[in-house]
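Report on one structure; see the data block that follows.
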Amino acid sequence: MAEIDELLAIMARLRDPERGCPWDVKQDFSTIAPYTIEEAYEVADAIQRGDMADLRDELGDLLLQVVFHARMAEEAGHFAFADVAVAINDKMIRRHPHVFGDAASQADAEAQLANWEELKRREREASGVADTSVLAGIARGLPEWQRAVKLQKRAATLGFDWPGPEPVIAKLHEEIEEVRAEFDAVAADPADAAARDRLEDELGDVLFVVANLTRHAKVDFGAALRRANAKFERRFRRMEQLAAEEGVALADLPLEAQDAYWNRAKAEEKGA
């Protein structure tokens, strides 16, 4: 496509050591990686908001990240953008034999997902990867909440899973009590490094169980947290507005008075 060729040419020019942009020229894979992750989250945010114009722009920003990495790899003699396209084309055809080959059609999306994971496992074996665990191949660069869900899903393929949400909720209550105990231990001796380590460990257990609960609820952990963040921001901004309208600075108020503004903002939202 002409548009893709133009984008590749733009990136090549930006990376030109003599005529390019100094900022783009000095970047490498490690410095660009955080931007790649950020752009992926901005795509998700546009989807969450249902803003198609913004989604178009954010997808462009994400595509630029792919082009940027491919250009740096080409300069180093590793591969080019075309090789990236060839690799993903081959992978999609290889992992969809029921569409592009003669394999039987999958009964549903769940069956297809299971088949996808099996194909990935075979690919790892064929490539000589020594790790034969069902947990192999789960990227360590993922956000930890996402990695937690993937670990749980993989373990569930072997039947290692709670039978439903109720035992997960019971486990969550158990873990919260353990967190409470470790908070008390830290309060009793703030200098106790071992107690702080145990507190971190128990908080991690709570978060892991919450991730498991979202999986059983078939709710995306990230989407749920984004909604919670958006709700908090929306209500807090309204608190600030209400206080300002009454000539009050929130920072000058005790928590009880601040909480009253929060409850007003919350009541307004629920009423609307």
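Ordering of the structure tokens sets the chain letters (A, B, ...), residue numbers begin anew at 1 in every chain, and ligands are numbered from 1 in the order given.
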
Practice problem: Quick one: everything within 10 Å of Leu203 in chain A, counting only C-alpha atoms, minus sequence neighbours fewer than 3 positions away in the same chain. Send it as a list in words. | Solution: Glu175, Ile176, Glu178, Val179, Arg180, Glu182, Asp197, Arg198, Leu199, Glu200, Val206, Leu207, Phe208 and Val209 of chain A

Take the residues from that selection and put them in a file with N, CA, C and O atoms, as a short mmCIF file (atom, residue, chain, number, x, y, z; two decimals), in the first residue's frame.
data_model
loop_
_atom_site.label_atom_id
_atom_site.label_comp_id
_atom_site.auth_asym_id
_atom_site.auth_seq_id
_atom_site.Cartn_x
_atom_site.Cartn_y
_atom_site.Cartn_z
N GLU A 175 -7.56 -14.20 52.42
CA GLU A 175 -6.34 -13.44 52.15
C GLU A 175 -6.41 -12.04 52.78
O GLU A 175 -5.39 -11.52 53.26
N ILE A 176 -7.59 -11.43 52.78
CA ILE A 176 -7.74 -10.11 53.39
C ILE A 176 -7.45 -10.17 54.89
O ILE A 176 -6.81 -9.27 55.46
N GLU A 178 -5.43 -12.24 56.30
CA GLU A 178 -3.98 -12.39 56.44
C GLU A 178 -3.28 -11.04 56.23
O GLU A 178 -2.27 -10.75 56.89
N VAL A 179 -3.80 -10.23 55.32
CA VAL A 179 -3.25 -8.89 55.14
C VAL A 179 -3.45 -8.07 56.40
O VAL A 179 -2.54 -7.35 56.85
N ARG A 180 -4.62 -8.18 57.00
CA ARG A 180 -4.91 -7.44 58.23
C ARG A 180 -3.90 -7.81 59.32
O ARG A 180 -3.39 -6.93 60.04
N GLU A 182 -0.85 -8.90 58.94
CA GLU A 182 0.48 -8.37 58.64
C GLU A 182 0.53 -6.86 58.82
O GLU A 182 1.57 -6.31 59.19
N ASP A 197 7.98 -7.47 54.32
CA ASP A 197 8.04 -8.44 53.22
C ASP A 197 6.79 -9.33 53.23
O ASP A 197 6.23 -9.63 52.17
N ARG A 198 6.38 -9.76 54.42
CA ARG A 198 5.19 -10.60 54.53
C ARG A 198 3.94 -9.82 54.10
O ARG A 198 3.05 -10.38 53.45
N LEU A 199 3.89 -8.53 54.46
CA LEU A 199 2.75 -7.70 54.07
C LEU A 199 2.67 -7.59 52.55
O LEU A 199 1.60 -7.72 51.95
N GLU A 200 3.82 -7.34 51.92
CA GLU A 200 3.85 -7.26 50.45
C GLU A 200 3.40 -8.58 49.84
O GLU A 200 2.65 -8.60 48.85
N VAL A 206 -3.72 -11.16 47.61
CA VAL A 206 -5.05 -10.55 47.43
C VAL A 206 -5.27 -10.16 45.98
O VAL A 206 -6.31 -10.45 45.37
N LEU A 207 -4.27 -9.50 45.39
CA LEU A 207 -4.38 -9.06 44.00
C LEU A 207 -4.49 -10.25 43.06
O LEU A 207 -5.25 -10.21 42.07
N PHE A 208 -3.75 -11.31 43.35
CA PHE A 208 -3.80 -12.51 42.51
C PHE A 208 -5.19 -13.15 42.56
O PHE A 208 -5.73 -13.58 41.54
N VAL A 209 -5.78 -13.19 43.76
CA VAL A 209 -7.12 -13.76 43.90
C VAL A 209 -8.15 -12.87 43.21
O VAL A 209 -9.09 -13.36 42.58
#

Self-check item: DSSP helix (DSSP H, G or I) selection over range 9-218 of chain A, as a PyMOL selection string
Solution: chain A and resi 9-14+22-26+29-49+52-75+81-94+97-100+109-126+144-156+165-188+193-216

Could I get the residues of range 112-158 of chain A with an atom no further than 10 Å from an atom of range 91-98 of chain A, each paired with its nearest atom pair and that distance in Å to one decimal, using only C-alpha atoms, sorted by chain and residue number, as a tab-separated table?
residue	atom	partner	partner_atom	distance
A:Gln112	CA	A:His96	CA	8.7
A:Asn115	CA	A:Arg95	CA	8.4
A:Trp116	CA	A:Arg95	CA	6.2
A:Glu117	CA	A:Arg95	CA	9.2
A:Glu118	CA	A:Arg95	CA	9.5
A:Leu119	CA	A:Arg95	CA	6.4
A:Lys120	CA	A:Arg95	CA	8.0
A:Glu123	CA	A:Arg95	CA	9.9

Saved selection, atoms kept: all heavy atoms, as a JSON list (two decimals), in the first residue's frame:
[["chain", "number", "residue", "atom", "x", "y", "z"],
["A", 112, "GLN", "N", -11.61, -22.95, 19.90],
["A", 112, "GLN", "CA", -10.57, -22.37, 19.07],
["A", 112, "GLN", "C", -9.41, -21.86, 19.92],
["A", 112, "GLN", "O", -8.24, -22.00, 19.57],
["A", 112, "GLN", "CB", -11.14, -21.23, 18.22],
["A", 112, "GLN", "CG", -10.09, -20.39, 17.50],
["A", 112, "GLN", "CD", -9.11, -21.21, 16.68],
["A", 112, "GLN", "OE1", -9.46, -22.29, 16.21],
["A", 112, "GLN", "NE2", -7.89, -20.71, 16.52],
["A", 115, "ASN", "N", -7.33, -24.75, 20.98],
["A", 115, "ASN", "CA", -6.54, -25.23, 19.84],
["A", 115, "ASN", "C", -5.37, -24.29, 19.56],
["A", 115, "ASN", "O", -4.26, -24.72, 19.24],
["A", 115, "ASN", "CB", -7.43, -25.34, 18.60],
["A", 115, "ASN", "CG", -6.72, -26.04, 17.46],
["A", 115, "ASN", "OD1", -6.26, -27.17, 17.60],
["A", 115, "ASN", "ND2", -6.62, -25.37, 16.32],
["A", 116, "TRP", "N", -5.61, -22.98, 19.71],
["A", 116, "TRP", "CA", -4.56, -21.97, 19.52],
["A", 116, "TRP", "C", -3.41, -22.22, 20.48],
["A", 116, "TRP", "O", -2.24, -22.19, 20.09],
["A", 116, "TRP", "CB", -5.17, -20.59, 19.72],
["A", 116, "TRP", "CG", -4.21, -19.44, 19.68],
["A", 116, "TRP", "CD1", -3.42, -18.98, 20.68],
["A", 116, "TRP", "CD2", -3.96, -18.57, 18.56],
["A", 116, "TRP", "NE1", -2.70, -17.88, 20.27],
["A", 116, "TRP", "CE2", -3.00, -17.61, 18.98],
["A", 116, "TRP", "CE3", -4.45, -18.51, 17.26],
["A", 116, "TRP", "CZ2", -2.54, -16.61, 18.13],
["A", 116, "TRP", "CZ3", -3.99, -17.50, 16.42],
["A", 116, "TRP", "CH2", -3.04, -16.57, 16.85],
["A", 117, "GLU", "N", -3.73, -22.45, 21.75],
["A", 117, "GLU", "CA", -2.70, -22.69, 22.75],
["A", 117, "GLU", "C", -1.93, -23.97, 22.45],
["A", 117, "GLU", "O", -0.71, -24.04, 22.65],
["A", 117, "GLU", "CB", -3.31, -22.75, 24.15],
["A", 117, "GLU", "CG", -3.87, -21.42, 24.64],
["A", 117, "GLU", "CD", -2.79, -20.37, 24.85],
["A", 117, "GLU", "OE1", -1.60, -20.74, 24.96],
["A", 117, "GLU", "OE2", -3.13, -19.18, 24.90],
["A", 118, "GLU", "N", -2.64, -24.98, 21.95],
["A", 118, "GLU", "CA", -1.97, -26.24, 21.61],
["A", 118, "GLU", "C", -1.02, -26.04, 20.44],
["A", 118, "GLU", "O", 0.10, -26.58, 20.44],
["A", 118, "GLU", "CB", -3.02, -27.31, 21.27],
["A", 118, "GLU", "CG", -2.44, -28.62, 20.76],
["A", 118, "GLU", "CD", -1.52, -29.33, 21.74],
["A", 118, "GLU", "OE1", -1.56, -29.02, 22.95],
["A", 118, "GLU", "OE2", -0.75, -30.20, 21.30],
["A", 119, "LEU", "N", -1.43, -25.28, 19.46],
["A", 119, "LEU", "CA", -0.56, -24.99, 18.32],
["A", 119, "LEU", "C", 0.68, -24.22, 18.76],
["A", 119, "LEU", "O", 1.79, -24.48, 18.30],
["A", 119, "LEU", "CB", -1.32, -24.20, 17.25],
["A", 119, "LEU", "CG", -2.38, -24.98, 16.47],
["A", 119, "LEU", "CD1", -3.26, -24.04, 15.65],
["A", 119, "LEU", "CD2", -1.72, -26.01, 15.54],
["A", 120, "LYS", "N", 0.50, -23.28, 19.68],
["A", 120, "LYS", "CA", 1.64, -22.53, 20.21],
["A", 120, "LYS", "C", 2.60, -23.46, 20.93],
["A", 120, "LYS", "O", 3.83, -23.33, 20.81],
["A", 120, "LYS", "CB", 1.15, -21.43, 21.17],
["A", 120, "LYS", "CG", 0.52, -20.24, 20.48],
["A", 120, "LYS", "CD", -0.09, -19.27, 21.47],
["A", 120, "LYS", "CE", 0.93, -18.62, 22.35],
["A", 120, "LYS", "NZ", 0.31, -17.61, 23.25],
["A", 123, "GLU", "N", 4.62, -25.35, 18.45],
["A", 123, "GLU", "CA", 5.62, -24.48, 17.84],
["A", 123, "GLU", "C", 6.83, -24.33, 18.75],
["A", 123, "GLU", "O", 7.97, -24.33, 18.28],
["A", 123, "GLU", "CB", 5.01, -23.13, 17.51],
["A", 123, "GLU", "CG", 4.03, -23.15, 16.34],
["A", 123, "GLU", "CD", 3.32, -21.83, 16.17],
["A", 123, "GLU", "OE1", 3.69, -20.85, 16.85],
["A", 123, "GLU", "OE2", 2.39, -21.76, 15.35]]

Env of Thr157 in chain A: 10 Å cut, atoms = only C-alpha atoms, seq-sep filter 5 positions within chain, self excluded. Answer as a compact mmCIF listing (two decimals) with C-alpha atoms, in the first residue's frame.
# COMPACT_ATOMS: atom_id res chain seq x y z
CA ALA A 114 -7.71 -24.17 23.31
CA GLU A 117 -2.70 -22.69 22.75
CA VAL A 134 2.00 -25.53 30.41
CA GLN A 152 -4.40 -18.86 35.85

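Here CA of Leu250 in chain A is placed at a distance of 13.8 Å from CA of Arg264 in chain A.
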
Self-check item: Near-Tyr41 in chain A list (12 Å; only C-alpha atoms; drop same-chain fewer than 2 positions) as a list in words
Solution: Pro34, Tyr35, Thr36, Ile37, Glu38, Glu39, Val43, Ala44, Asp45, Ala46, Ile47, Gln48, Leu55, Glu58, Leu59, Asp61, Leu62, Pro143, Gly222, Ala223 and Arg226 of chain A

Would you write out those residues with C-alpha atoms, as an mmCIF file, in the first residue's frame?
data_model
loop_
_atom_site.group_PDB
_atom_site.id
_atom_site.type_symbol
_atom_site.label_atom_id
_atom_site.label_comp_id
_atom_site.auth_asym_id
_atom_site.auth_seq_id
_atom_site.Cartn_x
_atom_site.Cartn_y
_atom_site.Cartn_z
ATOM 1 C CA PRO A 34 7.641 2.172 27.052
ATOM 2 C CA TYR A 35 6.020 4.297 24.337
ATOM 3 C CA THR A 36 4.838 1.147 22.587
ATOM 4 C CA ILE A 37 3.139 -0.042 25.767
ATOM 5 C CA GLU A 38 1.656 3.410 26.383
ATOM 6 C CA GLU A 39 0.211 3.581 22.858
ATOM 7 C CA VAL A 43 -5.875 2.313 21.961
ATOM 8 C CA ALA A 44 -7.697 0.446 24.728
ATOM 9 C CA ASP A 45 -8.812 3.742 26.263
ATOM 10 C CA ALA A 46 -10.285 4.969 22.963
ATOM 11 C CA ILE A 47 -12.178 1.690 22.634
ATOM 12 C CA GLN A 48 -13.445 1.981 26.202
ATOM 13 C CA LEU A 55 -9.280 5.103 17.952
ATOM 14 C CA GLU A 58 -4.352 5.901 18.374
ATOM 15 C CA LEU A 59 -4.096 2.904 16.048
ATOM 16 C CA ASP A 61 0.304 5.885 16.816
ATOM 17 C CA LEU A 62 0.546 2.182 17.624
ATOM 18 C CA PRO A 143 1.614 -5.976 33.175
ATOM 19 C CA GLY A 222 -7.888 -4.004 33.017
ATOM 20 C CA ALA A 223 -11.275 -2.767 31.805
ATOM 21 C CA ARG A 226 -10.084 1.545 34.079
#

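Distance annotation: of A:Leu113, A:Ala80, A:Met11, A:Ala244, the residue with the minimal separation from Leu64 in chain A is A:Met11; atom set is only C-alpha atoms.
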
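If you measure from each of A:Thr31, A:Arg238, A:Ala243, A:Leu213 to Lys153 in chain A using only C-alpha atoms, the closest one turns out to be A:Leu213.
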
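Here the question is which of A:Lys266, A:Ala181, A:Gln146, A:Arg235 gets nearest to Asp220 in chain A using only C-alpha atoms, and that residue is A:Gln146.
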
Practice problem: Work out how far CA of Met239 in chain A is from CA of Tyr261 in chain A, in Å to one decimal. | Solution: 5.3 Å
